[in-house]
Structures are given as structure tokens and as C-alpha cells.
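For reference, the structure discussed in these notes is given below.
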Amino acid sequence: MYAPAGRPQDIKALFWIMVLACILRCTMLYINMQRHPSFFTPSFATLLQRSNAENKPYMNPFGYEISNIAYSIVCKHEGFSNPFGGSTGPTGWVAPGMVFLYVLSFKLFGCFTTSSILFMFGFSIGLSLLIILLIYAASKHLRQRPSVCLIAALLYACCPQELMSLLYPHQTDFNVPTFWFILTFYLFLRMTNSCRARDRYLFAIATGIALLFTPVMALPVALCIIEYAVRCQKRLPVLVRELLVCSLVITIVVASYMVFQKNRLGHWFFIKSNGPFEIALGNNPEYNGVLVYDLFQKHHPGSNPEEFAAYRSMGEISYIKDRFKNFARCFDLENFLFLTAKRFMYFFFILEPYIEPERFQTWRLIAEYIGYAIPGLSLLMYLFFRHRTMQWQDYFIYGYILSYAFPYLFAGIMYRYAYPISSLSTVLLAALVCSGQCCKRIV
């Protein structure tokens, strides 16, 4: 059974929330353009010289490895290759879905042009509006009151993490994982509420594509399928057939790309080849399990000339295996568990800036610390005030968020990896605000 249709006054309120969201994001983008004019007016001649250098890496702040690969596809005509500049050959370093967005931008507006950059920022703003719609729709499928649905949408419209990201020139694709995170959740609710074949196929196709953008969605997708099997009241043979068909569709979407990369690189890997490297890099004992600028400068082939030379001479797969073997040879269980605990705190509550804090303006850094902690604190508050009355939907939200976060607890994380959880934390926070339980408990 589907969620009831929205009332006219709710639709009108949602429209104005989206207008507010658009104005806020466009304002942030305008400030970004005023502060970083050189980023929005790149010199293609300089780019060409630096990206073709063979003795040192090049990472353009507009997309980094992703845009380098897109540049190799569109402008250099070398295919899915060269993530760090030069001509280092085929790669599987990043997810293909993200590369597709930059390929589309370059095809439409040229490689690293002002128009291509603005297209990606405009695309991200458009995704933000879709995310707001999905949050509203997911809240309705959770049988929340109209006021909760609207407040959840409003909270995300004013989401500090999103607004702050638009102030930085290098965050052009910051909310793509958030879009797939909330879309998968919404389609799961729709599939569970309707039990229609059409919704199952839609869920399967969408989640297969989501994995090509964000492979870490594998666990949330698996959790959705398991929860559907538990909650769907159908005869066992029918249920098994439905789950097999759904899993087959997802497998076909993902396996087609994996076979493509196996033929090019000669090795099997799950969508991204650099998973073992990220585990090794993220567990470097010199750092806190967080991928920051200084760590990249010392140990990443996209920033360090020596690492780039090793990557180029050894080849991508051999380089990744070698760095992971070094990690395994020096593995320290106590240090690993300690970093895992710290990563949990950094993922949910504590911002670890990519660049040293003193390089930021104080007011902005304080605002970022507060904004980053809000989603995690919202989860704790909802659990504290509603733990006695929580329903299966509430438990599933927590399970869904934790399944997404789980892989990051063992590999390196960046501050923006946690952004997707804000889409669901707004729903819980809105429900808590509308229930008035915070005020009752405090009083």
C-alpha cells in the first residue's frame, strides 16, 4: 500500500522549501565563484602541459582522479585510463558512474572549461533538490505526519554540510553518494509497501546503478533485500523467485562492468580496484585513520612523485597489491582496532578537516565542526528519547546507516564520506521535534 498523496497545502509548502534550498545553494556557489575566480577560469594550456607530464602526477581540483580519467576518455581518446595524469594505462581506480558524470560534462562543454565546471555545480544543486523530494517521499512512506515530512525536507534544505561544500571549488560531486543513498532507501520502502513486480525491478536496476557510483552501497542493498524477505508475507517459493530475480538484475548490471575491467586489467575486483590500497593508506600509523592532505602528499600516487613513479612502473594492480602486502606484513591488531574506534568517532561526530585547521577561517571552521556533528548527534538523541517506542522502520534506518558506515571503519575515511547519513538523520530529527519529546524530557 502506497503512502497517501500530499495535501495541496503540503505540496505548496514543499515547493517553497525547494525554492529556499535553491536560493541558499546558488548563493553559496556565487560566493565560491567570487572567492576562487582562477578555479572557474582554468588555463587549458597549463592543464595540458601538467597533465601530460611523465615524471610527476597531476590532480586537477575539479574532480581529481575522476576528471583525469574523463579527460583521457573525451580529449586524449585513451579510454578509461590515466587517473593521475601522464599515460599510465588502463585503470579501475575509481567507480565508473562518477567518471560518467564528468565525461558528460566534458562532452557537452569541453574539457576543463568554465561551462563544464558550472555544469557539474548546477548538476549537484539539481541533485540536492531531488534529495529533498526523496526525503519528503521517504518520510511519507514511513507513515510520518505531514509536518514531519515537511520539517525533514526543510532541515535538509538548510543542511550545513551541503551548504558548506558549495563554498569549496573542489566539491563538485559531493552529494552524488547522498542521492543514491536516499534513493535506494526510498525505493526499498516503496517496494516493501507495494510488493509489486514493477517496484522490485525498479529497485534492482537503480541499486545496480548505485553500486557503479558508490560500491560501498553493497551492504545497505543487501540489508534491504534481507529486510524485504523478512517482512514480505508471501509463500516461500514465490518469495525465493522474487529475490532471485532481483539479485540477478543487480548482478547483471554490476558484472557487466567487472567483466569489462577483467578484460582490460587482467584481474577481478569489485567495481573499484583500489580498495586494498585504501585499507593500507587509511591504517597508516602516522595518522588517525582519516585521509587528509598531508597523508596524500606523502603516500598517494596522485600527489607524491615517488609513489607515482612506483605506480607507473609497476602497473596499477601490482602497485595496489604491493602496498597492501606492506600493510599486511606490518599489521598491528591493537593499532588497527584503535584506529577503527577513532574512525567511528570521526565518521559520526568529529570533523577532521582535509587540510590543517589553521588554514581555515575560524568562524567557518567552528560552523563546520558543529554542522558535521549534527547528523550523528541526531541519531543519538532519537535513540535516547524514543528507544521505548521505536518501530521496525526506526531500527531499519539505524541498520541502514550502520551498514553504509561499516566498510569505512576499516579503511581510510574523508569527512565527506559521512554526508549521506544526513539525509536520514533529518527524518529522525524532524520526528523528534514534532513529537515534542525533547522538551517533555528536559522539563
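Naming scheme: A, B, ... for chains in displayed order of the C-alpha cells; residues 1 onward per chain; ligands 1 onward as shown.
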
(request) Tell me, as a ChimeraX atom specification, which residues lie within 8 Å of A:Trp268, counting only C-alpha atoms; anything in the same chain fewer than 3 positions away does not count. (result) /A:258-259,261-262

(message) I need the helix (DSSP H, G or I) residues of stretch 329-382 of chain A per DSSP on the backbone, written as a PyMOL selection string.
(response) chain A and resi 329+333-348+357-359+362-382

Could the residues in this selection be saved with C-alpha atoms as a PDB file, in the first residue's frame?
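As written to disk, result.pdb reads:
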ATOM      1  CA  ARG A 329      53.340  -7.554   6.793  1.00  0.00           C
ATOM      2  CA  LEU A 333      45.921  -5.566  15.576  1.00  0.00           C
ATOM      3  CA  GLU A 334      45.928  -3.206  18.540  1.00  0.00           C
ATOM      4  CA  ASN A 335      46.653  -0.183  16.359  1.00  0.00           C
ATOM      5  CA  PHE A 336      44.066  -1.328  13.804  1.00  0.00           C
ATOM      6  CA  LEU A 337      41.303  -1.607  16.417  1.00  0.00           C
ATOM      7  CA  PHE A 338      42.323   1.727  17.923  1.00  0.00           C
ATOM      8  CA  LEU A 339      42.101   3.427  14.516  1.00  0.00           C
ATOM      9  CA  THR A 340      38.777   1.709  13.843  1.00  0.00           C
ATOM     10  CA  ALA A 341      37.348   3.165  17.056  1.00  0.00           C
ATOM     11  CA  LYS A 342      38.680   6.599  16.110  1.00  0.00           C
ATOM     12  CA  ARG A 343      37.232   6.280  12.604  1.00  0.00           C
ATOM     13  CA  PHE A 344      33.816   5.611  14.140  1.00  0.00           C
ATOM     14  CA  MET A 345      34.023   8.870  16.054  1.00  0.00           C
ATOM     15  CA  TYR A 346      35.347  10.778  13.038  1.00  0.00           C
ATOM     16  CA  PHE A 347      32.619   9.356  10.811  1.00  0.00           C
ATOM     17  CA  PHE A 348      29.683  10.232  13.044  1.00  0.00           C
ATOM     18  CA  PRO A 357      42.532  23.640  10.699  1.00  0.00           C
ATOM     19  CA  GLU A 358      44.710  26.719  10.981  1.00  0.00           C
ATOM     20  CA  ARG A 359      44.442  27.151   7.215  1.00  0.00           C
ATOM     21  CA  THR A 362      37.951  30.437  12.466  1.00  0.00           C
ATOM     22  CA  TRP A 363      34.236  31.139  12.046  1.00  0.00           C
ATOM     23  CA  ARG A 364      33.981  28.748   9.121  1.00  0.00           C
ATOM     24  CA  LEU A 365      35.846  26.007  10.959  1.00  0.00           C
ATOM     25  CA  ILE A 366      33.584  26.328  14.001  1.00  0.00           C
ATOM     26  CA  ALA A 367      30.499  26.228  11.785  1.00  0.00           C
ATOM     27  CA  GLU A 368      31.838  23.117  10.040  1.00  0.00           C
ATOM     28  CA  TYR A 369      32.554  21.340  13.328  1.00  0.00           C
ATOM     29  CA  ILE A 370      29.001  21.995  14.527  1.00  0.00           C
ATOM     30  CA  GLY A 371      27.357  21.157  11.209  1.00  0.00           C
ATOM     31  CA  TYR A 372      29.318  17.930  10.839  1.00  0.00           C
ATOM     32  CA  ALA A 373      28.266  16.662  14.282  1.00  0.00           C
ATOM     33  CA  ILE A 374      24.527  17.323  13.833  1.00  0.00           C
ATOM     34  CA  PRO A 375      23.620  14.069  11.974  1.00  0.00           C
ATOM     35  CA  GLY A 376      25.414  11.830  14.465  1.00  0.00           C
ATOM     36  CA  LEU A 377      24.018  13.716  17.460  1.00  0.00           C
ATOM     37  CA  SER A 378      20.533  13.488  15.925  1.00  0.00           C
ATOM     38  CA  LEU A 379      20.857   9.703  15.828  1.00  0.00           C
ATOM     39  CA  LEU A 380      21.883   9.639  19.483  1.00  0.00           C
ATOM     40  CA  MET A 381      19.069  11.984  20.531  1.00  0.00           C
ATOM     41  CA  TYR A 382      16.402   9.964  18.733  1.00  0.00           C
TER      42      TYR A 382
END

(message) Would you pick out the contacts of stretch 304-314 of chain A at 10 Å or less, using only C-alpha atoms, so that residues sharing its chain but fewer than 6 positions from it are not included, and give the list as a PyMOL selection string?
(response) chain A and resi 54-58+82+84-89+295-298+320+322

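Ranking A:Gly289, A:Gly266, A:Gly63, A:Gly302 by their shortest atom-to-atom distance to A:Glu352, with only C-alpha atoms included, puts A:Gly289 first.
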
(message) Measuring between only C-alpha atoms, which one of A:Asn68, A:Thr41, A:Ser247, A:Asn60 shows the shortest distance to A:Ile225?
(response)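 Closest to A:Ile225 of all the choices is A:Ser247.
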
(message) Report as a VMD selection string all protein, DNA and RNA residues lying within 10 Å of A:Glu78, evaluated on only C-alpha atoms, omitting residues in the same chain fewer than 3 positions from it.
(response) chain A and resid 69 to 75 81 to 82 87 89 to 90

(message) Report, in Å to a single decimal, how far apart atom CA of A:Phe109 and atom CA of A:Leu127 are.
(response) 19.5 Å

(request) For A:Tyr293, please output as a ChimeraX atom specification all residues within 9 Å (counting only C-alpha atoms; exclusion window: fewer than 5 positions along the same chain). (result) /A:298,353-356

Residues from last step as file, N, CA and C atoms, as a compact mmCIF listing (two decimals), in the first residue's frame:
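Final output, saved to result14.txt:
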# COMPACT_ATOMS: atom_id res chain seq x y z
N LYS A 298 52.37 12.43 1.14
CA LYS A 298 53.46 11.51 1.46
C LYS A 298 53.30 10.13 0.85
N PRO A 353 39.32 17.99 9.33
CA PRO A 353 39.45 18.70 8.07
C PRO A 353 40.52 18.10 7.17
N TYR A 354 40.29 18.16 5.87
CA TYR A 354 41.23 17.62 4.90
C TYR A 354 42.57 18.36 4.98
N ILE A 355 42.51 19.67 5.21
CA ILE A 355 43.71 20.49 5.38
C ILE A 355 43.76 20.94 6.83
N GLU A 356 44.94 21.19 7.33
CA GLU A 356 45.11 21.58 8.73
C GLU A 356 44.17 22.72 9.10

(message) When you count only C-alpha atoms, which of these residues is closest to A:Thr389: A:Leu29, A:Leu14, A:Leu432, A:Val99?
(response)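 Ranking A:Leu29, A:Leu14, A:Leu432, A:Val99 by distance to A:Thr389, first place goes to A:Leu432.
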
(request) Provide the atom CA of A:Leu167 to atom CA of A:Thr46 distance in Å, to one decimal place. (result) 24.5 Å

Please produce, as JSON lines, a per-residue contact table for stretch 204-283 of chain A versus stretch 391-411 of chain A (criterion: any atom at most 10 Å away, only C-alpha atoms considered), showing the nearest atom pair and its distance in Å to one decimal, sorted by chain then residue number.
{"residue": "A:Val216", "atom": "CA", "partner": "A:Tyr404", "partner_atom": "CA", "distance": 6.5}
{"residue": "A:Met217", "atom": "CA", "partner": "A:Tyr404", "partner_atom": "CA", "distance": 6.2}
{"residue": "A:Ala218", "atom": "CA", "partner": "A:Tyr404", "partner_atom": "CA", "distance": 8.2}
{"residue": "A:Leu219", "atom": "CA", "partner": "A:Ser403", "partner_atom": "CA", "distance": 5.5}
{"residue": "A:Pro220", "atom": "CA", "partner": "A:Ser403", "partner_atom": "CA", "distance": 5.5}
{"residue": "A:Val221", "atom": "CA", "partner": "A:Tyr400", "partner_atom": "CA", "distance": 8.7}
{"residue": "A:Ala222", "atom": "CA", "partner": "A:Ser403", "partner_atom": "CA", "distance": 9.2}
{"residue": "A:Leu223", "atom": "CA", "partner": "A:Tyr400", "partner_atom": "CA", "distance": 7.0}
{"residue": "A:Cys224", "atom": "CA", "partner": "A:Tyr400", "partner_atom": "CA", "distance": 7.9}
{"residue": "A:Glu227", "atom": "CA", "partner": "A:Phe396", "partner_atom": "CA", "distance": 8.2}
{"residue": "A:Arg231", "atom": "CA", "partner": "A:Trp392", "partner_atom": "CA", "distance": 9.9}
{"residue": "A:Gly275", "atom": "CA", "partner": "A:Ala411", "partner_atom": "CA", "distance": 8.3}
{"residue": "A:Pro276", "atom": "CA", "partner": "A:Ala411", "partner_atom": "CA", "distance": 8.5}
{"residue": "A:Phe277", "atom": "CA", "partner": "A:Ala411", "partner_atom": "CA", "distance": 8.9}
{"residue": "A:Glu278", "atom": "CA", "partner": "A:Ala411", "partner_atom": "CA", "distance": 5.8}
{"residue": "A:Ile279", "atom": "CA", "partner": "A:Ala411", "partner_atom": "CA", "distance": 4.1}
{"residue": "A:Ala280", "atom": "CA", "partner": "A:Ala411", "partner_atom": "CA", "distance": 7.3}
{"residue": "A:Leu281", "atom": "CA", "partner": "A:Ala411", "partner_atom": "CA", "distance": 7.6}
{"residue": "A:Gly282", "atom": "CA", "partner": "A:Ala411", "partner_atom": "CA", "distance": 5.0}
{"residue": "A:Asn283", "atom": "CA", "partner": "A:Ala411", "partner_atom": "CA", "distance": 6.7}

Same residues, C-alpha atoms, saved as a compact mmCIF listing (two decimals), in the first residue's frame:
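Result file selection_5.txt:
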# COMPACT_ATOMS: atom_id res chain seq x y z
CA VAL A 216 30.09 0.90 -0.54
CA MET A 217 26.31 0.71 -1.05
CA ALA A 218 26.67 -3.09 -1.34
CA LEU A 219 25.90 -3.69 2.34
CA PRO A 220 22.86 -1.34 2.50
CA VAL A 221 21.47 -3.01 -0.64
CA ALA A 222 21.98 -6.47 0.88
CA LEU A 223 20.27 -5.29 4.07
CA CYS A 224 17.29 -4.04 2.05
CA GLU A 227 14.58 -6.97 5.27
CA ARG A 231 8.71 -8.51 6.02
CA GLY A 275 40.05 -1.00 -2.13
CA PRO A 276 43.14 -2.75 -0.67
CA PHE A 277 45.18 0.41 -1.18
CA GLU A 278 42.64 2.49 0.75
CA ILE A 279 42.78 -0.01 3.62
CA ALA A 280 46.57 0.27 3.69
CA LEU A 281 46.56 4.05 3.36
CA GLY A 282 43.82 4.54 5.95
CA ASN A 283 45.66 2.47 8.56

(request) Compare A:Ile125, A:Ile117, A:Ile317, A:Ala138 by their minimum atom-to-atom distance to A:Ala21, counting only C-alpha atoms, and give me the closest one. (result)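 Using only C-alpha atoms, the shortest distance to A:Ala21 belongs to A:Ile125.
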
(message) If we count only C-alpha atoms and set the cut-off at 9 Å, which residues sit around A:Arg25, ignoring sequence neighbours fewer than 3 positions away in its own chain? Please answer as a list in words.
(response)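 Residues near the query, excluding close chain neighbours: Leu20, Ala21, Cys22, Met28, Leu29, Tyr30, Ile125, Ser128, Ala157, Glu162, Leu163 and Leu166 of chain A.
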
Residues of the last selection are to be written out with N, CA and C atoms, as a PDB file, in the first residue's frame.
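The result, written out as result23.pdb:
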ATOM      1  N   LEU A  20      13.693  27.804  -1.379  1.00  0.00           N
ATOM      2  CA  LEU A  20      14.674  28.243  -0.376  1.00  0.00           C
ATOM      3  C   LEU A  20      15.988  27.498  -0.547  1.00  0.00           C
ATOM      4  N   ALA A  21      15.905  26.180  -0.735  1.00  0.00           N
ATOM      5  CA  ALA A  21      17.118  25.375  -0.915  1.00  0.00           C
ATOM      6  C   ALA A  21      17.908  25.834  -2.127  1.00  0.00           C
ATOM      7  N   CYS A  22      17.215  26.106  -3.212  1.00  0.00           N
ATOM      8  CA  CYS A  22      17.876  26.547  -4.439  1.00  0.00           C
ATOM      9  C   CYS A  22      18.555  27.901  -4.232  1.00  0.00           C
ATOM     10  N   MET A  28      25.640  30.247  -2.149  1.00  0.00           N
ATOM     11  CA  MET A  28      26.929  29.678  -1.778  1.00  0.00           C
ATOM     12  C   MET A  28      27.830  29.518  -2.998  1.00  0.00           C
ATOM     13  N   LEU A  29      27.251  29.077  -4.099  1.00  0.00           N
ATOM     14  CA  LEU A  29      28.036  28.926  -5.320  1.00  0.00           C
ATOM     15  C   LEU A  29      28.559  30.275  -5.809  1.00  0.00           C
ATOM     16  N   TYR A  30      27.733  31.310  -5.707  1.00  0.00           N
ATOM     17  CA  TYR A  30      28.164  32.643  -6.116  1.00  0.00           C
ATOM     18  C   TYR A  30      29.345  33.116  -5.259  1.00  0.00           C
ATOM     19  N   ILE A 125      23.443  20.945  -7.547  1.00  0.00           N
ATOM     20  CA  ILE A 125      22.305  21.671  -6.977  1.00  0.00           C
ATOM     21  C   ILE A 125      20.998  20.990  -7.362  1.00  0.00           C
ATOM     22  N   SER A 128      20.520  18.083  -5.200  1.00  0.00           N
ATOM     23  CA  SER A 128      20.071  18.490  -3.866  1.00  0.00           C
ATOM     24  C   SER A 128      18.553  18.610  -3.815  1.00  0.00           C
ATOM     25  N   ALA A 157      17.128  21.075   3.417  1.00  0.00           N
ATOM     26  CA  ALA A 157      17.306  22.276   2.597  1.00  0.00           C
ATOM     27  C   ALA A 157      18.326  23.213   3.232  1.00  0.00           C
ATOM     28  N   GLU A 162      25.926  20.417   3.213  1.00  0.00           N
ATOM     29  CA  GLU A 162      25.714  20.721   1.793  1.00  0.00           C
ATOM     30  C   GLU A 162      26.078  22.166   1.481  1.00  0.00           C
ATOM     31  N   LEU A 163      25.603  23.064   2.314  1.00  0.00           N
ATOM     32  CA  LEU A 163      25.857  24.481   2.054  1.00  0.00           C
ATOM     33  C   LEU A 163      27.340  24.802   2.127  1.00  0.00           C
ATOM     34  N   LEU A 166      29.462  23.773  -0.987  1.00  0.00           N
ATOM     35  CA  LEU A 166      29.386  24.642  -2.150  1.00  0.00           C
ATOM     36  C   LEU A 166      30.295  25.863  -2.037  1.00  0.00           C
TER      37      LEU A 166
END

(message) Quick check, in Å to one decimal: how far apart do atom CA of A:Ile131 and atom CA of A:Ala255 lie?
(response)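 Calculated distance between atom CA of A:Ile131 and atom CA of A:Ala255 is 27.7 Å.
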